[in-house]
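Novice: I have a structure I would like to understand better, so I am pasting it below and will then ask my questions one at a time.
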Protein chains: 4
Amino acid sequence: MKRIGIFTSGGDAPGMNACIRAAVRTAIYHDMEVFGIKYGYDGMIKGDIFPMDSHSVSNIVQKSGTKLKSARSKDFQTKKGRERAYYQLTRFGIEGLIAIGGDGTFTGAKVFFEEFNLPVIGVPGTIDNDLFGTDNTIGFDTAVNTALQAIDKIRDTADSHDRVFFIEVMGRDSGYIAIQSGIGGGAELVMVPETETTITEVISTLKKGWTRQKTSSIIVIAEGDEAGNAVEIAEKVKSQIKEKDFRVSILGHIQRGGAPTAHDRILASRLGVGAVEGLREGKKNVMVGIINNQLTFTSLEESITKQKPLNPDLIRMVDILSI
Amino acid sequence: MKRIGIFTSGGDAPGMNACIRAAVRTAIYHDMEVFGIKYGYDGMIKGDIFPMDSHSVSNIVQKSGTKLKSARSKDFQTKKGRERAYYQLTRFGIEGLIAIGGDGTFTGAKVFFEEFNLPVIGVPGTIDNDLFGTDNTIGFDTAVNTALQAIDKIRDTADSHDRVFFIEVMGRDSGYIAIQSGIGGGAELVMVPETETTITEVISTLKKGWTRQKTSSIIVIAEGDEAGNAVEIAEKVKSQIKEKDFRVSILGHIQRGGAPTAHDRILASRLGVGAVEGLREGKKNVMVGIINNQLTFTSLEESITKQKPLNPDLIRMVDILSI
Amino acid sequence: MKRIGIFTSGGDAPGMNACIRAAVRTAIYHDMEVFGIKYGYDGMIKGDIFPMDSHSVSNIVQKSGTKLKSARSKDFQTKKGRERAYYQLTRFGIEGLIAIGGDGTFTGAKVFFEEFNLPVIGVPGTIDNDLFGTDNTIGFDTAVNTALQAIDKIRDTADSHDRVFFIEVMGRDSGYIAIQSGIGGGAELVMVPETETTITEVISTLKKGWTRQKTSSIIVIAEGDEAGNAVEIAEKVKSQIKEKDFRVSILGHIQRGGAPTAHDRILASRLGVGAVEGLREGKKNVMVGIINNQLTFTSLEESITKQKPLNPDLIRMVDILSI
Amino acid sequence: MKRIGIFTSGGDAPGMNACIRAAVRTAIYHDMEVFGIKYGYDGMIKGDIFPMDSHSVSNIVQKSGTKLKSARSKDFQTKKGRERAYYQLTRFGIEGLIAIGGDGTFTGAKVFFEEFNLPVIGVPGTIDNDLFGTDNTIGFDTAVNTALQAIDKIRDTADSHDRVFFIEVMGRDSGYIAIQSGIGGGAELVMVPETETTITEVISTLKKGWTRQKTSSIIVIAEGDEAGNAVEIAEKVKSQIKEKDFRVSILGHIQRGGAPTAHDRILASRLGVGAVEGLREGKKNVMVGIINNQLTFTSLEESITKQKPLNPDLIRMVDILSI
C-alpha cells in the first residue's frame with residue numbers, strides 16, 4: 001500500500017488531532033503518502049482531499065477538535081453518494097482509509113468496504129467510550145477530567161450553601177463519563193442508562209446522607225438515563241422534599257473540548273500508528289483498539305454491535321464511597 | 001474596638017475565603033478578637049458564632065466557596081429577627097461587623113446599622129461585579145476566567161463542525177462577565193442587559209462573518225439579556241436560518257467555583273485588611289472597595305443604589321475585533 | 001478483623017487522600033474500625049494514632065498531598081523502633097495495616113510483618129510508577145499530566161524564539177513520566193534511564209529536525225538519566241552547536257501536587273477498597289494493584305525487587321512521531 | 001496613515017497574539033493595511049515582511065507565544081542595520097510601526113524614530129511588568145497566575161512533609177511577579193529586589209511561624225533578589241537550621257507560556273486597538289498603556305527610564321497575612 005486517506009467523522013473528540021498526526025507521520029516513516037479528507041464522508045464525496053506532510057501536523061498534538069473537520073453526510077447514505085466518494089478516492093490513487101470516529105462513522109465505513117472492497121481501518125474517537133473492542137476511546141479520558149473539574153467547582157459552591165446539585169454529563173447510551181466523573185467527584189449517587197435508579201432511591205440516598213452530617217450532595221446523571229434528564233429528575237425530587245435547596249447544572253459541550261490529557265494523546269498516538277501499520281499488514285474492515293495495554297483489531301461489525309458493559313466494580317464502589 | 005464579627009452572605013464567590021483569612025489575621029495583628037458567624041444573617045440570629053484564630057484560616061486562601069457558609073434568612077427581614085441577631089452579637093461582645101456579600105447583604109447591613117448603630121463595613125463579594133464603589137468585586141475575575149476557559153473549549157468543537165454556539169454566562173442584571181469573557185473568547189457578538197440587540201442584528205452579524213470566511217461563530221449572552229435567554233435567542237435565530245448548525249451551552253454554576261485567580265486573592269486580601277483597619281479607624285455603614293488601585297469607602301446606600309456602567313470602550317471593541 | 005490502621009509514607013503522591021477516603025469508608029461499610037496513623041512509621045512509633053469516621057474523610061477526594069502526612073523514620077530502621085511501633089499498634093488494638101507508599105514504605109512493611117506477623121497490605125502510591133505488580137501507581141497519571149501541561153506552556157515560548165528546550169522531569173530510576181509526557185508533548189527526543197542515549201544521538205536528532213523545517217525542539221529528560229541531568233546534557237550539546245539558543249527547565253516539585261486526575265482518583269479508590277477487603281479476606285504481606293483492569297495482589301517482596309519495564313512500543317513511537 | 005507594520009520583540013509574553021489580532025483588525029476596520037514583520041528587528045532588516053488580513057489572526061486570541069516570532073538582533077544595534085531596516089519598510093510603503101515588547105524593544109524603537117522619523121508606538125508586552133506608563137504589561141497577569149498555580153501545587157506537598165520551600169519566580173529587576181504570587185499563594189515571606197531582606201530576617205520569619213503551629217512554609221523569591229537566587233538563599237538558611245527539611249523549586253520558563261488570562265487578553269486587545277488609533281491620530285514615539293482604566297500615552301523615553309515602584313500596600317500585607 002502506497003497511498004492512504006484519513007478523515008474524521010461524527011462528533012469531535014479531544015485527541016483526534018494527535019491521532020491524525022501519528023497516522024501521518026507513521027505513513028511517512030514507512031514511505032507511504034497520506035491524503036487528508038476534510039469534513040468526513042461529505043468531503044470525500046466532494047473531493048475535498050489534499051496531500052499532508054510531516055510539517056502539516058506540527059503543533060497539533062495538544063489541540064482538541066479536528067484539523068480535518070467533521071460533518072454529517074446524507075449523501076453518503078445513498079449508493080450514488082458512495083459511488084461518487086469511491087470515484088474521488090480512486091482519482092487521488094488512495095488505496096486504504098483510516099476512519100476516526102464513532103459507531104456512525106464505522107457503520108458507513110463497513111458498508112463502503114463491503115461495496116468497494118477498499119481496505120479501511122476504524123479508529124475509535126468519541127468521548128462516550130461506547131465502542132466494543134477497546135478499553136478506552138480517544139477523548140473519553142479528557143471528557144471525564146473536564147466533567148470532574150466542573151464537579152470540583154460545583155462542590156465548592158454546593159458546600160457553601162448546603163445544596164443538592166444534579167449534574168448532567170454527556171453519554172446518550174452509556175454511563176461511562178457519569179460513573180467515572182461521579183466516583184472521582186465524590187458523588188453521592190450516579191445515575192446511568194445501564195442500571196435503573198428510581199426517584200425513591202434518589203431520595204433515600206439523599207436522606208441517608210443528611211443523617212450522617214452531609215450538608216451538601218452531588219448526583220451525577222448521564223444524559224441518557226432512563227429516569228429522565230437532570231431537570232426532570234430534579235423536579236421530581238423537589239416535589240417530595242421541600243426544605244432543601246436544589247440546583248441543576250448541565251455540563252454540555254465543554255466536555256468535547258480542551259487540550260487532551262496525556263492518556264488521550266498517547267492512546268490516540270498509539271492507535272494512529274497501529275492503524276497505519278495495520279493497513280500495511282493487510283488488515284481491513286476492522287477497528288484498531290487497545291485492550292489490556294495490547295493493540296488489537298476487532299471487526300467493524302463487532303465494534304458497533306457488541307455491548308461494552310460498565311465495570312460492575314465501579315457501580316458497586318459508588319455505594320461504598322458515599323457512606 | 002476590641003472584638004469584631006465576620007460573615008458571608010448571598011451567593012458565594014471565589015476569594016471570599018481569602019478575604020476572611022485576611023480580615024482574621026489583620027484583626028489579630030492589631031490585637032483585636034474575631035468571631036466567625038456561620039450561615040450569614042441566619043447564623044447571627046441563631047447565635048452560630050465562634051472565635052477564630054490565625055490557624056483557623058490556614059490553607060484556605062486558594063479555596064473557593066466560603067468557610068463561613070452562606071444562607072438566606074427570612075427572619076432577618078423582620079424587626080424581631082434583627083433584634084434577636086443584635087442580642088446574639090452583644091452576648092458575644094461584638095462591637096463591629098464585616099459583611100462580605102452583594103447588594104442583598106448590604107441592604108440588610110444598612111437596615112441593621114440604622115436600627116442598632118453597630119458599626120458595619122461591607123466587602124463586595126459577588127461574581128456579577130454589579131456594585132458601585134469598587135472597580136471589581138471579589139470573585140468576578142475568577143468567574144470571567146472560568147467562563148473564558150469554557151468558551152475556549154467550546155470554540156474547538158464549534159470550529160470542527162462549523163457551528164454557531166450561543167453561550168449563556170451569569171449576570172442577571174449586568175453584562176460584566178459576558179463582555180469580558182466575550183472579548184477574551186473572541187466572540188462575534190456579546191449580548192448584555194445594558195444595551196439592546198435585536199435578533200435582526202444577531203443574524204446580520206452572523207451573515208457578515210460567513211461572507212468573511214468565518215466558518216464557526218460564538219455569541220455570548222448574559223443570562224439577564226432583554227432579548228431572552230440563550231435557548232430562546234437560539235430558537236429565534238434558527239427559525240430564520242435553516243442551513244446552519246446551532247448549539248446552546250449554559251455555563252451555569254461552574255462560574256461560582258474554582259480556585260480564585262491571583263487577582264481575586266489579592267483583591268480579597270486587600271479588602272479584608274481594609275475592612276478591619278476601616279473599623280478600627282471608626283468607619284461605619286460603608287463598603288470598602290478599590291478604585292484606581294486605591295482603597296476607598298462608599299456609603300452602603302450608594303453602593304447598592306448607584307449604577308456602575310459597563311466600560312463603553314469594551315462594548316465598542318467587540319465590533320472592531322470580530323471583523 | 002475488626003480494627004485496622006492506615007498510614008502514608010515516603011514521597012507524597014496526588015490521589016493518596018482519595019485512597020485514604022476509600023479505605024476508611026470501605027472499613028466502615030464492613031463494620032470495621034479504622035485508625036489513622038500520622039507521619040508514617042514515625043507516628044506509629046510515637047503513637048500519633050487517632051480514630052477516623054466517615055466524615056473525617058469528607059471533601060478530600062480532590063486534594064493532593066496526604067491528610068495523614070508523611071515523614072522519614074530513622075527509628076523504624078532499628079529493631080527497637082519497630083518494637084515500639086508494634087507496641088503502639090497493640091495498644092490501640094490494631095489488627096491489620098494499610099501502608100500507602102513506594103518501595104521504601106514496602107521494605108519497612110515487609111520487615112515489620114516478618115517480625116511481628118501483623119497483616120499488612122501495601123498500596124502503591126508514588127508518582128514514579130516504578131513498582132512491579134500494578135500497571136499504574138497512584139499519582140503517576142497526575143504527575144504526567146502536570147509535566148505535560150508544563151511542556152505545552154514551554155512549547156509556545158520555544159516556538160516563538162526558535163529555541164531548543166531541555167526539560168527535566170521526575171523519575172530517579174525510571175523513565176515512565178518522561179516517556180509519557182514526552183510523547184504527549186510531542187518531544188523530539190526522550191532520554192530515560194532504561195535506555196542509553198549519547199550526546200551524539202541528541203545532536204543528530206536535533207539536526208535532522210532542523211533540516212525538516214522544525215524551528216524549535218523539545219527534549220524531555222528523566223532526572224535519573226545516565227547521560228546526566230538536564231543542565232549537564234544541555235552544556236554538552238551547547239559546546240558543540242553554537243548557532244542555536246538552548247534553554248533548560250527543571251519541572252521539579254510541581255509534579256507532586258495538583259488535584260488528582262480522574263484516573264488517579266478512581267485508581268486510588270479502587271485500591272483503597274481492595275486493600276480493606278483484602279485484609280478482611282486474610283491477605284497479608286502483599287501489595288494490591290490493578291493489572292489489565294483486574295485487582296491483583298503481589299507479594300511485597302516481588303513488588304520491590306522485580307523490574308517493571310517501560311513499554312517498548314512507547315520508546316519506538318518517539319522516533320516515528322518526531323519525524 | 002494608510003499602511004502600518006507590526007512586530008514583536010524581546011521575550012515573548014502571553015497575550016501578544018491577542019494584541020496582534022486586535023491591531024490587525026482595528027487597522028482593517030479603519031481601512032488601513034497591515035504588514036506583519038517576523039522575528040522583530042531582525043526580520044525588519046531582512047525584509048521578512050508580509051501582508052496580514054482579518055483571517056490571518058483568527059483563532060489566536062487564546063494562544064501564548066507570538067505568531068510573529070521574536071529574536072534578538074545585533075545588526076539593529078548598528079547604524080547600518082537600522083538603515084537597512086528603514087529601507088525595507090519604505091520598500092513596503094510602511095508609514096507607521098507598532099512595536100510590542102519590553103524596554104529593549106522600546107530602546108531600539110526610540111533610536112529608530114529619532115533617526116528616521118517614522119512614527120512608532122510601543123505596546124508593553126513583558127511578563128515582568130517593569131515598564132513605566134501602564135498599570136500592567138501584557139503577560140504579567142498570566143505569569144502571576146501560572147506562578148500561583150505552581151505554588152498551590154507545591155503547598156500541598158510542602159504541607160504533607162512539613163517542609164520549607166524556596167520558590168524562585170521570574171523578575172530580574174522587579175518583584176512584581178513575586179509579590180503578587182506570594183500574597184496570592186499565602187507565602188510566609190516574599191523576597192524582591194526592591195527591598196532588602198537579610199538571611200537573619202528569613203530565619204526569624206520561619207521561626208516565628210513554627211511557634212504558631214505552622215508546619216510548612218513557603219518563601220517566594222524574585223530571581224533578581226539582592227540576597228541571591230533561591231538555591232543560594234536556601235543554602236544559607238540550611239546552614240543555620242539543621243532540623244528542618246528544605247527544598248528549592250525554580251519555576252522557570254513555564255511562566256512565559258499558557259493561554260493568556262481574561263485580563264491579559266482584554267488588556268492586549270485594548271492596547272492593540274489603542275496603538276492603531278493612536279498612530280491614526282498622529283501619536284508617535286510613545287508607549288500606549290492603561291492607567292486607572294484609561295488609555296494613556298507615555299513617551300518611550302519615560303517608559304524606559306522611569307521607575308514603576310511596587311505598591312507599598314502589598315509589601316506591608318505580606319507581613320500581616322503571614323501571622
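Here, A, B, ... name the chains of the C-alpha cells in the order displayed, residue numbers run from 1 inside each chain, and ligands are numbered from 1 in the same displayed order.
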Pull the closest atom pair for each residue of chain B that gets at most 12 Å from chain C, along with the distance in Å to one decimal, counting only C-alpha atoms, ordering rows by chain and then ascending residue number, as JSON lines.
Specialist:
```
{"residue": "B:Asn59", "atom": "CA", "partner": "C:Lys63", "partner_atom": "CA", "distance": 12.0}
{"residue": "B:Gln62", "atom": "CA", "partner": "C:Lys63", "partner_atom": "CA", "distance": 11.9}
{"residue": "B:Lys63", "atom": "CA", "partner": "C:Lys63", "partner_atom": "CA", "distance": 11.1}
{"residue": "B:Gly258", "atom": "CA", "partner": "C:Ala259", "partner_atom": "CA", "distance": 11.5}
{"residue": "B:Ala259", "atom": "CA", "partner": "C:Ala259", "partner_atom": "CA", "distance": 11.0}
```
Novice: Please list as a short mmCIF file (atom, residue, chain, number, x, y, z; two decimals) with N, CA, C and O atoms, in the first residue's frame every residue within 8 Å of stretch 21-26 of chain B, counting only C-alpha atoms and excluding residues in the same chain fewer than 3 positions away.
Specialist:
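Final output, part.cif:
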```cif
data_model
loop_
_atom_site.label_atom_id
_atom_site.label_comp_id
_atom_site.auth_asym_id
_atom_site.auth_seq_id
_atom_site.Cartn_x
_atom_site.Cartn_y
_atom_site.Cartn_z
N ASN B 17 -12.98 33.26 50.89
CA ASN B 17 -12.11 32.68 51.92
C ASN B 17 -10.83 33.48 52.11
O ASN B 17 -10.36 33.68 53.23
N ALA B 18 -10.26 33.95 51.00
CA ALA B 18 -9.05 34.77 51.10
C ALA B 18 -9.35 36.05 51.88
O ALA B 18 -8.50 36.56 52.63
N TYR B 29 -3.38 40.87 64.13
CA TYR B 29 -2.21 41.75 64.01
C TYR B 29 -2.41 43.03 64.83
O TYR B 29 -1.47 43.56 65.41
N HIS B 30 -3.65 43.51 64.88
CA HIS B 30 -3.95 44.73 65.63
C HIS B 30 -4.50 44.41 67.03
O HIS B 30 -5.20 45.24 67.62
N VAL B 34 -11.60 38.18 66.85
CA VAL B 34 -12.54 37.99 65.73
C VAL B 34 -13.44 36.81 66.00
O VAL B 34 -12.97 35.75 66.42
N MET B 52 -12.27 32.87 66.19
CA MET B 52 -11.34 32.43 65.16
C MET B 52 -9.93 32.89 65.51
O MET B 52 -9.73 34.01 65.97
N ASP B 53 -8.95 31.98 65.26
CA ASP B 53 -7.57 32.40 65.44
C ASP B 53 -6.84 32.29 64.11
O ASP B 53 -7.42 31.89 63.10
N SER B 54 -5.58 32.66 64.13
CA SER B 54 -4.78 32.69 62.92
C SER B 54 -4.78 31.34 62.22
O SER B 54 -4.89 31.24 60.99
N VAL B 57 -7.68 29.95 59.78
CA VAL B 57 -7.81 30.36 58.38
C VAL B 57 -6.59 29.94 57.55
O VAL B 57 -6.35 30.46 56.47
N SER B 58 -5.83 28.98 58.08
CA SER B 58 -4.70 28.44 57.32
C SER B 58 -5.21 27.66 56.12
O SER B 58 -6.25 26.98 56.21
N ILE B 60 -6.64 28.24 53.32
CA ILE B 60 -7.92 28.47 52.64
C ILE B 60 -7.82 29.56 51.57
O ILE B 60 -8.79 29.80 50.86
N VAL B 61 -6.66 30.20 51.47
CA VAL B 61 -6.53 31.31 50.51
C VAL B 61 -6.86 30.86 49.09
O VAL B 61 -7.34 31.64 48.27
N ALA B 268 -9.23 40.37 47.38
CA ALA B 268 -9.91 39.92 48.60
C ALA B 268 -9.05 40.20 49.83
O ALA B 268 -9.56 40.63 50.86
N SER B 269 -7.76 39.98 49.68
CA SER B 269 -6.86 40.21 50.82
C SER B 269 -6.79 41.70 51.15
O SER B 269 -6.87 42.09 52.32
N ARG B 270 -6.67 42.51 50.12
CA ARG B 270 -6.60 43.96 50.37
C ARG B 270 -7.89 44.46 51.02
O ARG B 270 -7.87 45.29 51.94
N GLY B 272 -10.02 42.71 52.78
CA GLY B 272 -10.12 42.18 54.15
C GLY B 272 -9.29 43.01 55.11
O GLY B 272 -9.75 43.37 56.21
N VAL B 273 -8.07 43.35 54.71
CA VAL B 273 -7.22 44.23 55.53
C VAL B 273 -7.91 45.59 55.69
O VAL B 273 -8.03 46.13 56.79
N ALA B 275 -11.04 46.45 55.44
CA ALA B 275 -12.28 46.45 56.24
C ALA B 275 -11.95 46.51 57.73
O ALA B 275 -12.53 47.30 58.48
N VAL B 276 -11.00 45.69 58.16
CA VAL B 276 -10.65 45.67 59.58
C VAL B 276 -10.03 47.00 59.99
O VAL B 276 -10.41 47.59 61.01
N GLU B 277 -9.11 47.50 59.19
CA GLU B 277 -8.47 48.77 59.56
C GLU B 277 -9.47 49.92 59.46
O GLU B 277 -9.38 50.90 60.21
N ILE D 320 1.40 41.12 57.48
CA ILE D 320 0.15 40.94 58.22
C ILE D 320 -0.43 39.55 57.96
O ILE D 320 -0.82 38.84 58.88
N LEU D 321 -0.45 39.16 56.69
CA LEU D 321 -1.17 37.94 56.32
C LEU D 321 -0.45 36.66 56.71
O LEU D 321 -1.05 35.60 56.75
N SER D 322 0.85 36.76 56.99
CA SER D 322 1.56 35.53 57.34
C SER D 322 1.57 35.32 58.85
O SER D 322 2.25 34.43 59.36
N ILE D 323 0.83 36.13 59.54
CA ILE D 323 0.73 35.96 61.01
C ILE D 323 0.28 34.56 61.34
O ILE D 323 -0.66 34.05 60.74
#
```
Novice: Would you return as a PyMOL selection string the members of stretch 84-131 of chain A that DSSP assigns to strand (DSSP E) on this structure's backbone?
Specialist: chain A and resi 96-101+120-124
Novice: Skip A:Ala99 itself and residues of its chain fewer than 4 positions away, then list as a PDB file with C-alpha atoms, in the first residue's frame all residues within 7 Å of it, counting only C-alpha atoms.
Specialist:
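See part.pdb below for the written result:
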```pdb
ATOM      1  CA  ILE A   6      -7.506   9.777   6.563  1.00  0.00           C
ATOM      2  CA  PHE A   7     -10.607  11.524   7.882  1.00  0.00           C
ATOM      3  CA  THR A   8     -12.606  12.261  10.998  1.00  0.00           C
ATOM      4  CA  ILE A 121      -9.402   0.672   9.458  1.00  0.00           C
ATOM      5  CA  GLY A 122     -11.533   2.444  12.026  1.00  0.00           C
ATOM      6  CA  VAL A 123     -10.064   4.316  14.972  1.00  0.00           C
TER       7      VAL A 123
END
```
Novice: Would you pick out the contacts of C:His253 at 10 Å or less, using only C-alpha atoms, so that residues sharing its chain but fewer than 4 positions from it are not included, and give the list as a PyMOL selection string?
Specialist: (chain C and resi 143+169-170+257) or (chain D and resi 150-151+153-155+157-158+165+247-251)
Novice: What's the 10 Å shell around C:Glu83, counting only C-alpha atoms, without same-chain residues fewer than 6 positions away, as a PyMOL selection string?
Specialist: chain C and resi 45+76+89+112+115-116
Novice: Run DSSP on the backbone and grab whatever in stretch 6-60 of chain C lands in alpha helix (DSSP H); send it over as a PyMOL selection string.
Specialist: chain C and resi 16-29+40-46
Novice: Create the file for the chosen residues now, containing C-alpha atoms and written as a PDB file, in the first residue's frame.
Specialist:
```pdb
ATOM      1  CA  MET C  16      -3.282   9.375  48.379  1.00  0.00           C
ATOM      2  CA  ASN C  17      -6.179  11.219  50.008  1.00  0.00           C
ATOM      3  CA  ALA C  18      -8.692   9.561  47.697  1.00  0.00           C
ATOM      4  CA  CYS C  19      -7.217   6.232  48.751  1.00  0.00           C
ATOM      5  CA  ILE C  20      -7.422   7.054  52.458  1.00  0.00           C
ATOM      6  CA  ARG C  21     -11.033   8.112  51.975  1.00  0.00           C
ATOM      7  CA  ALA C  22     -11.913   4.906  50.143  1.00  0.00           C
ATOM      8  CA  ALA C  23     -10.202   2.697  52.721  1.00  0.00           C
ATOM      9  CA  VAL C  24     -11.860   4.447  55.660  1.00  0.00           C
ATOM     10  CA  ARG C  25     -15.311   4.234  54.135  1.00  0.00           C
ATOM     11  CA  THR C  26     -14.906   0.650  52.999  1.00  0.00           C
ATOM     12  CA  ALA C  27     -13.889  -0.340  56.514  1.00  0.00           C
ATOM     13  CA  ILE C  28     -16.942   1.398  57.949  1.00  0.00           C
ATOM     14  CA  TYR C  29     -19.100  -0.230  55.267  1.00  0.00           C
ATOM     15  CA  GLY C  40       4.079   7.195  58.628  1.00  0.00           C
ATOM     16  CA  TYR C  41       6.342   4.923  60.648  1.00  0.00           C
ATOM     17  CA  ASP C  42       7.456   7.853  62.731  1.00  0.00           C
ATOM     18  CA  GLY C  43       3.949   8.479  64.016  1.00  0.00           C
ATOM     19  CA  MET C  44       3.467   4.772  64.524  1.00  0.00           C
ATOM     20  CA  ILE C  45       6.403   4.729  66.916  1.00  0.00           C
ATOM     21  CA  LYS C  46       5.215   7.861  68.683  1.00  0.00           C
TER      22      LYS C  46
END
```
Novice: List the neighbours of A:Ile218 out to 7 Å using only C-alpha atoms; skip same-chain residues closer than 6 positions along the sequence, and give me the result as a list in words.
Specialist: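 Listed by chain and then number, they are Val164, Phe165, Phe166, Ala187 and Glu188 of chain A.
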Novice: Let me see the file: selected residues, all heavy atoms, as an mmCIF file, in the first residue's frame.
Specialist:
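Written out: selection34.cif:
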```
data_model
loop_
_atom_site.group_PDB
_atom_site.id
_atom_site.type_symbol
_atom_site.label_atom_id
_atom_site.label_comp_id
_atom_site.auth_asym_id
_atom_site.auth_seq_id
_atom_site.Cartn_x
_atom_site.Cartn_y
_atom_site.Cartn_z
ATOM 1 N N VAL A 164 -28.137 20.636 47.181
ATOM 2 C CA VAL A 164 -28.072 19.408 46.391
ATOM 3 C C VAL A 164 -27.932 19.813 44.928
ATOM 4 O O VAL A 164 -28.727 20.607 44.424
ATOM 5 C CB VAL A 164 -29.348 18.562 46.565
ATOM 6 C CG1 VAL A 164 -29.305 17.341 45.660
ATOM 7 C CG2 VAL A 164 -29.528 18.156 48.022
ATOM 8 N N PHE A 165 -26.936 19.265 44.254
ATOM 9 C CA PHE A 165 -26.769 19.544 42.826
ATOM 10 C C PHE A 165 -27.009 18.286 41.994
ATOM 11 O O PHE A 165 -26.457 17.222 42.285
ATOM 12 C CB PHE A 165 -25.344 20.051 42.544
ATOM 13 C CG PHE A 165 -25.262 21.549 42.508
ATOM 14 C CD1 PHE A 165 -25.039 22.262 43.665
ATOM 15 C CD2 PHE A 165 -25.418 22.257 41.308
ATOM 16 C CE1 PHE A 165 -24.965 23.650 43.651
ATOM 17 C CE2 PHE A 165 -25.352 23.641 41.289
ATOM 18 C CZ PHE A 165 -25.127 24.344 42.456
ATOM 19 N N PHE A 166 -27.805 18.449 40.967
ATOM 20 C CA PHE A 166 -27.964 17.419 39.947
ATOM 21 C C PHE A 166 -27.116 17.848 38.754
ATOM 22 O O PHE A 166 -27.386 18.887 38.135
ATOM 23 C CB PHE A 166 -29.430 17.302 39.522
ATOM 24 C CG PHE A 166 -30.324 16.850 40.639
ATOM 25 C CD1 PHE A 166 -30.918 17.775 41.503
ATOM 26 C CD2 PHE A 166 -30.557 15.498 40.861
ATOM 27 C CE1 PHE A 166 -31.743 17.357 42.542
ATOM 28 C CE2 PHE A 166 -31.376 15.076 41.898
ATOM 29 C CZ PHE A 166 -31.969 16.001 42.748
ATOM 30 N N ALA A 187 -19.405 11.832 44.214
ATOM 31 C CA ALA A 187 -20.860 11.990 44.160
ATOM 32 C C ALA A 187 -21.550 11.016 45.107
ATOM 33 O O ALA A 187 -21.052 9.913 45.359
ATOM 34 C CB ALA A 187 -21.349 11.756 42.729
ATOM 35 N N GLU A 188 -22.703 11.452 45.604
ATOM 36 C CA GLU A 188 -23.484 10.578 46.477
ATOM 37 C C GLU A 188 -24.189 9.494 45.672
ATOM 38 O O GLU A 188 -24.505 8.418 46.185
ATOM 39 C CB GLU A 188 -24.540 11.398 47.228
ATOM 40 C CG GLU A 188 -24.061 11.898 48.562
ATOM 41 C CD GLU A 188 -22.910 12.886 48.429
ATOM 42 O OE1 GLU A 188 -22.910 13.687 47.480
ATOM 43 O OE2 GLU A 188 -21.992 12.836 49.259
#
```
Novice: Could you name the residues that touch A:Pro51 at 9 Å or less, counting only C-alpha atoms, but leaving out those on the same chain fewer than 4 positions away, as a PyMOL selection string?
Specialist: chain A and resi 5+33-37
